[in-house]
>>> print(open('entry_23.csv').read())   # CSV, C-alpha atoms
chain,number,residue,atom,x,y,z
A,8,MET,CA,47.6,-17.4,14.5
A,9,ASP,CA,44.3,-18.2,12.7
A,10,SER,CA,42.6,-21.6,12.9
A,11,ASP,CA,44.3,-22.6,9.6
A,12,GLY,CA,47.7,-22.2,11.1
A,13,ILE,CA,48.5,-19.0,9.1
A,14,THR,CA,49.5,-15.7,10.7
A,15,LEU,CA,48.8,-12.3,9.1
A,16,ARG,CA,51.1,-9.5,10.1
A,17,SER,CA,52.9,-6.3,8.9
A,18,LEU,CA,56.1,-6.6,7.0
A,19,GLN,CA,59.3,-6.4,9.0
A,20,ASN,CA,63.0,-5.8,8.0
A,21,GLU,CA,64.0,-9.4,8.6
A,22,ASP,CA,61.3,-10.6,6.2
A,23,LEU,CA,62.8,-8.7,3.2
A,24,PRO,CA,65.2,-11.4,1.8
A,25,ALA,CA,62.5,-14.1,1.9
A,26,LEU,CA,59.9,-11.7,0.6
A,27,ARG,CA,62.1,-10.9,-2.4
A,28,THR,CA,62.5,-14.6,-3.3
A,29,PHE,CA,58.8,-15.1,-2.8
A,30,VAL,CA,57.6,-12.2,-5.0
A,31,ILE,CA,60.0,-12.9,-7.8
A,32,ASN,CA,59.1,-16.6,-7.9
A,33,THR,CA,55.4,-16.2,-7.4
A,34,PHE,CA,54.2,-12.9,-8.7
A,35,GLY,CA,56.9,-12.9,-11.4
A,36,ARG,CA,55.7,-16.2,-12.6
A,37,LYS,CA,51.9,-15.8,-12.3
A,38,GLU,CA,51.2,-12.2,-13.1
A,39,PRO,CA,49.3,-11.9,-16.4
A,40,ILE,CA,51.7,-9.5,-18.1
A,41,SER,CA,54.6,-11.8,-17.2
A,42,VAL,CA,52.7,-14.8,-18.5
A,43,PHE,CA,51.8,-13.1,-21.8
A,44,LEU,CA,55.3,-11.8,-22.5
A,45,ASN,CA,57.1,-14.7,-20.9
A,46,THR,CA,59.1,-12.2,-18.9
A,47,SER,CA,62.3,-13.8,-17.6
A,48,LEU,CA,62.9,-14.0,-13.9
A,49,ASP,CA,66.1,-12.0,-14.3
A,50,ALA,CA,64.1,-9.2,-15.9
A,51,PHE,CA,61.4,-9.3,-13.3
A,52,THR,CA,64.0,-9.4,-10.5
A,53,ALA,CA,65.3,-6.1,-11.9
A,54,TYR,CA,61.8,-4.7,-11.9
A,55,TYR,CA,61.1,-5.8,-8.3
A,56,ASP,CA,64.4,-4.4,-7.0
A,57,ALA,CA,63.8,-1.1,-8.6
A,58,PHE,CA,60.6,-0.5,-6.7
A,59,SER,CA,60.8,-2.7,-3.6
A,60,HIS,CA,62.8,-0.2,-1.5
A,61,LEU,CA,59.8,2.2,-1.6
A,62,CYS,CA,57.6,-0.3,0.3
A,63,ASP,CA,55.6,1.0,3.3
A,64,MET,CA,56.2,-1.7,5.9
A,65,PRO,CA,53.4,-0.8,8.4
A,66,THR,CA,50.7,-1.2,5.8
A,67,SER,CA,52.3,-4.0,3.8
A,68,MET,CA,51.1,-7.3,4.9
A,69,ILE,CA,52.3,-10.9,4.7
A,70,ALA,CA,50.8,-14.3,5.6
A,71,CYS,CA,53.1,-16.8,7.1
A,72,THR,CA,52.9,-20.5,8.1
A,73,SER,CA,53.9,-21.7,11.6
A,74,SER,CA,57.4,-22.2,10.2
A,75,ASN,CA,57.5,-18.5,9.2
A,76,GLU,CA,57.3,-19.3,5.5
A,77,ILE,CA,55.7,-16.5,3.5
A,78,VAL,CA,52.7,-17.8,1.5
A,79,SER,CA,51.0,-14.6,0.5
A,80,CYS,CA,51.8,-10.9,0.4
A,81,PHE,CA,50.1,-7.5,-0.1
A,82,LEU,CA,52.7,-4.8,-0.6
A,83,THR,CA,52.0,-1.0,-0.6
A,84,THR,CA,54.1,2.0,-1.6
A,85,PRO,CA,53.4,5.6,-0.6
A,86,LEU,CA,52.1,7.9,-3.3
A,87,ASP,CA,51.5,11.5,-2.1
A,88,MET,CA,51.2,13.2,-5.5
A,89,THR,CA,53.8,15.8,-4.7
A,90,PRO,CA,56.4,16.7,-7.5
A,91,ASN,CA,59.1,14.8,-5.6
A,92,SER,CA,57.0,11.7,-5.3
A,93,LEU,CA,56.1,11.6,-9.0
A,94,GLN,CA,59.7,12.5,-10.1
A,95,ARG,CA,61.0,9.6,-8.0
A,96,LEU,CA,58.7,7.2,-9.9
A,97,HIS,CA,59.5,8.7,-13.3
A,98,LYS,CA,63.2,8.2,-12.5
A,99,ILE,CA,62.8,4.6,-11.7
A,100,VAL,CA,60.8,3.9,-14.9
A,101,ALA,CA,63.3,5.9,-17.0
A,102,LYS,CA,66.2,3.9,-15.5
A,103,LEU,CA,64.5,0.6,-16.3
A,104,ALA,CA,63.7,1.8,-19.8
A,105,THR,CA,67.5,2.2,-20.5
A,106,GLY,CA,68.6,-0.9,-18.7
A,107,PRO,CA,69.4,-4.4,-20.1
A,108,PHE,CA,65.9,-5.7,-19.6
A,109,ALA,CA,64.0,-2.8,-21.3
A,110,GLU,CA,62.5,-5.1,-24.0
A,111,ASP,CA,61.5,-7.8,-21.5
A,112,LEU,CA,59.8,-5.2,-19.3
A,113,ALA,CA,58.0,-3.2,-22.0
A,114,GLY,CA,54.6,-4.4,-20.8
A,115,TYR,CA,55.3,-3.3,-17.3
A,116,LEU,CA,56.7,0.0,-18.4
A,117,ALA,CA,53.6,0.6,-20.5
A,118,LEU,CA,51.5,-0.1,-17.4
A,119,ASP,CA,53.6,2.3,-15.3
A,120,ALA,CA,53.4,5.0,-17.9
A,121,PHE,CA,49.6,4.7,-18.0
A,122,MET,CA,49.4,4.8,-14.2
A,123,LEU,CA,51.6,7.8,-13.9
A,124,ASP,CA,49.5,9.6,-16.5
A,125,HIS,CA,46.3,8.7,-14.5
A,126,TYR,CA,47.8,10.1,-11.3
A,127,LEU,CA,48.6,13.4,-13.0
A,128,ARG,CA,45.0,13.7,-14.3
A,129,ASP,CA,43.2,12.6,-11.1
A,130,LYS,CA,42.7,16.0,-9.3
A,131,SER,CA,40.9,14.3,-6.4
A,132,ILE,CA,44.1,12.9,-5.0
A,133,ILE,CA,46.5,15.8,-5.4
A,134,ASP,CA,48.4,16.5,-2.2
A,135,GLN,CA,46.7,13.6,-0.4
A,136,ARG,CA,48.5,11.0,1.6
A,137,GLY,CA,48.0,7.9,-0.5
A,138,LEU,CA,49.2,4.3,-1.0
A,139,ILE,CA,49.4,2.3,-4.2
A,140,ILE,CA,49.4,-1.5,-4.1
A,141,THR,CA,52.4,-2.8,-5.9
A,142,PHE,CA,52.9,-6.5,-5.5
A,143,CYS,CA,50.3,-9.1,-4.4
A,144,ALA,CA,50.8,-12.9,-4.6
A,145,THR,CA,49.7,-16.2,-3.1
A,146,ALA,CA,51.8,-19.4,-3.2
A,147,ASP,CA,50.7,-22.5,-5.0
A,148,GLY,CA,48.7,-24.7,-2.7
A,149,PHE,CA,47.4,-21.8,-0.6
A,150,GLU,CA,44.7,-20.5,-3.0
A,151,GLY,CA,41.2,-20.7,-1.7
A,152,LYS,CA,42.0,-19.6,1.8
A,153,ARG,CA,41.0,-16.0,1.2
A,154,LEU,CA,44.5,-14.9,2.1
A,155,MET,CA,44.6,-12.0,-0.3
A,156,ARG,CA,41.3,-10.7,0.8
A,157,ARG,CA,42.3,-10.9,4.4
A,158,LEU,CA,45.6,-9.2,3.8
A,159,CYS,CA,43.9,-6.4,1.9
A,160,CYS,CA,41.5,-5.8,4.8
A,161,GLN,CA,44.3,-5.8,7.4
A,162,SER,CA,46.2,-3.3,5.2
A,163,LEU,CA,43.1,-1.1,4.9
A,164,LEU,CA,42.5,-1.0,8.6
A,165,ARG,CA,46.1,-0.3,9.4
A,166,ALA,CA,46.3,2.5,6.7
A,167,LYS,CA,43.1,4.1,8.2
A,168,GLU,CA,44.6,4.0,11.7
A,169,LEU,CA,47.9,5.6,10.5
A,170,GLY,CA,46.1,8.5,8.7
A,171,TRP,CA,46.5,7.6,5.1
A,172,ASN,CA,43.8,9.2,2.8
A,173,PHE,CA,43.4,6.8,-0.1
A,174,PHE,CA,44.3,3.4,-1.5
A,175,THR,CA,44.9,2.8,-5.2
A,176,VAL,CA,45.1,-0.5,-6.9
A,177,ASP,CA,45.9,-1.2,-10.6
A,178,CYS,CA,44.2,-4.6,-11.1
A,179,THR,CA,45.7,-6.8,-13.8
A,180,ASN,CA,43.7,-10.0,-13.3
A,181,PRO,CA,40.0,-10.8,-12.9
A,182,ALA,CA,40.3,-12.0,-9.3
A,183,THR,CA,41.8,-8.7,-8.2
A,184,HIS,CA,39.1,-6.9,-10.1
A,185,TYR,CA,36.5,-8.9,-8.2
A,186,LEU,CA,38.2,-8.3,-4.9
A,187,SER,CA,38.5,-4.5,-5.1
A,188,ARG,CA,34.9,-4.2,-6.3
A,189,GLY,CA,33.6,-6.4,-3.6
A,190,LEU,CA,35.4,-4.2,-1.0
A,191,LYS,CA,33.6,-1.2,-2.6
A,192,PHE,CA,36.6,0.4,-4.2
A,193,GLN,CA,35.6,3.0,-6.7
A,194,ASP,CA,36.5,2.4,-10.4
A,195,LYS,CA,38.7,5.2,-11.6
A,196,ALA,CA,40.0,4.2,-15.0
A,197,GLU,CA,40.1,1.1,-17.3
A,198,ILE,CA,42.1,0.3,-20.4
A,199,PRO,CA,42.6,-2.9,-22.4
A,200,PHE,CA,46.0,-4.4,-22.1
A,201,ALA,CA,46.3,-4.3,-25.9
A,202,GLU,CA,45.9,-0.4,-25.8
A,203,LEU,CA,48.8,0.2,-23.4
A,204,VAL,CA,51.6,2.2,-25.1
A,205,TRP,CA,55.3,2.3,-24.5
A,206,ASP,CA,57.9,3.9,-26.7
A,207,GLY,CA,55.4,4.5,-29.5
A,208,ARG,CA,54.2,0.9,-29.7
A,209,LYS,CA,51.8,-1.5,-28.0
A,210,PRO,CA,53.8,-4.3,-26.3
A,211,LEU,CA,50.7,-6.1,-25.1
A,212,LEU,CA,48.9,-6.1,-28.4
A,213,GLY,CA,46.9,-9.3,-28.6
A,214,MET,CA,46.6,-9.8,-24.9
A,215,LYS,CA,43.0,-10.2,-23.6
A,216,GLY,CA,41.6,-8.4,-20.6
A,217,SER,CA,42.2,-5.0,-19.1
A,218,VAL,CA,43.8,-3.0,-16.4
A,219,LEU,CA,41.3,-1.6,-13.9
A,220,VAL,CA,42.4,1.3,-11.6
A,221,THR,CA,40.3,1.3,-8.4
A,222,GLN,CA,40.5,3.5,-5.4
A,223,LYS,CA,39.3,3.5,-1.7
A,224,ASP,CA,38.9,6.8,0.0
A,225,LEU,CA,40.0,6.2,3.5
A,226,ARG,CA,38.7,9.5,4.8
A,227,THR,CA,35.1,8.3,4.4
A,228,PHE,CA,35.9,4.6,5.0
A,229,ASP,CA,33.8,2.9,7.7
A,230,MET,CA,36.0,0.4,9.4
A,231,SER,CA,33.0,-1.8,10.2
A,232,GLU,CA,32.8,-2.6,6.5
A,233,VAL,CA,35.6,-5.1,6.9
A,234,VAL,CA,35.5,-6.1,10.5
A,235,TRP,CA,33.6,-9.3,9.5
A,236,LEU,CA,36.7,-10.4,7.5
A,237,GLN,CA,38.8,-10.8,10.7
A,238,SER,CA,37.3,-14.2,11.2
A,239,VAL,CA,39.1,-16.0,8.4
A,240,GLY,CA,37.3,-13.9,5.8
A,241,ARG,CA,33.9,-15.6,6.2
A,242,ARG,CA,30.8,-13.8,5.2
A,243,THR,CA,28.2,-12.9,7.9
A,244,PRO,CA,24.6,-13.7,7.2
A,245,ASN,CA,23.7,-10.0,6.8
A,246,SER,CA,26.7,-9.2,4.7
A,247,GLU,CA,25.9,-7.0,1.6
A,248,PHE,CA,29.1,-8.0,-0.1
A,249,PRO,CA,29.0,-10.3,-3.3
A,250,PRO,CA,30.5,-13.7,-3.5
A,251,TYR,CA,34.3,-13.6,-4.0
A,252,ALA,CA,36.8,-15.3,-6.1
A,253,LYS,CA,39.0,-17.8,-4.2
A,254,LEU,CA,41.9,-15.4,-3.5
>>> encode(input="entry_23.csv", output="structure tokens")
Amino acid sequence: MDSDGITLRSLQNEDLPALRTFVINTFGRKEPISVFLNTSLDAFTAYYDAFSHLCDMPTSMIACTSSNEIVSCFLTTPLDMTPNSLQRLHKIVAKLATGPFAEDLAGYLALDAFMLDHYLRDKSIIDQRGLIITFCATADGFEGKRLMRRLCCQSLLRAKELGWNFFTVDCTNPATHYLSRGLKFQDKAEIPFAELVWDGRKPLLGMKGSVLVTQKDLRTFDMSEVVWLQSVGRRTPNSEFPPYAKL
């Protein structure tokens, strides 16, 4: 347990019911696409349930209070760029597109279509063992404790230890943009929300900002880059990293 009374650890099976409630009521309410489209919680629940079973528990991290309440999460999903892996993701998107919440989820489906197209074009990650970050959220009242940054670094270190080759993040808010760039992720692609296309239309037309796809190559990742974050995420005097948003 850290000095602020919060424990950071890998996700476990017994956490899944509470995690589901936390992500739906926090990420589903705060995420920019949900806010812009006023996505219903029922629709977001269907979206979460469609992807959550793919979660990689050893590299997915949660932050808990002393009473074991989840107050932040950083969830990962394997992406190995094999035909089976991509086909599995395409099937999930296709099922959501024909389900009862297709209209409510059009913005998310447009994002998923863009990401899948990006993976197909990125020759550098073909046949590599990779992880994509799916759901990240922090509870109200716990912002400013650097929880997301600390969880991200714990996940990076664990993924490196377990032999994963790369980390990919599709950043949909400025704070996540800032975090990934501060941790020296490489920018791979960027597209304005308003330009995302689904079913021949642009469901996020009028939305400001952009999706930034960033990536960390764990094969060349120096673990000392983030060791300084283990002490509640404070910067060391000699740190080369820029200031951070209060994640």
>>> residues_around(input="entry_23.csv", residues="Lys167 in chain A", least_positions_apart="2", cutoff="12 Å", atoms="only C-alpha atoms", output="list in words")
Pro65, Thr66, Arg136, Gly137, Leu138, Cys160, Gln161, Ser162, Leu163, Leu164, Arg165, Leu169, Gly170, Trp171, Asn172, Phe173, Phe174, Lys223, Asp224, Leu225, Arg226, Thr227, Phe228, Asp229, Met230, Ser231 and Val233 of chain A
>>> residues_around(input="entry_23.csv", residues="Ser67 in chain A", least_positions_apart="5", cutoff="9 Å", atoms="all atoms listed in the file", output="ChimeraX atom specification")
/A:16-18,62,80-84,140,158-159,161-162
>>> closest_residue(input="entry_23.csv", among="A:Leu219, A:Val78, A:Ala50, A:Met214", to="Phe192 in chain A", atoms="only C-alpha atoms")
A:Leu219
>>> residues_around(input="entry_23.csv", residues="range 98-113 of chain A", least_positions_apart="5", cutoff="12 Å", atoms="all atoms listed in the file", output="JSON, numbers by chain")
{"A": [35, 40, 41, 42, 43, 44, 45, 46, 47, 48, 49, 50, 51, 52, 53, 54, 55, 56, 57, 58, 59, 60, 61, 90, 91, 92, 93, 118, 119, 120, 121, 122, 123, 203, 204, 205, 206, 207, 208, 209, 210, 211, 212]}
>>> atom_distance(input="entry_23.csv", atom1="CA of Ile198 in chain A", atom2="CA of Thr145 in chain A")
25.1 Å
>>> atom_distance(input="entry_23.csv", atom1="CA of Leu26 in chain A", atom2="CA of Ile69 in chain A")
8.7 Å
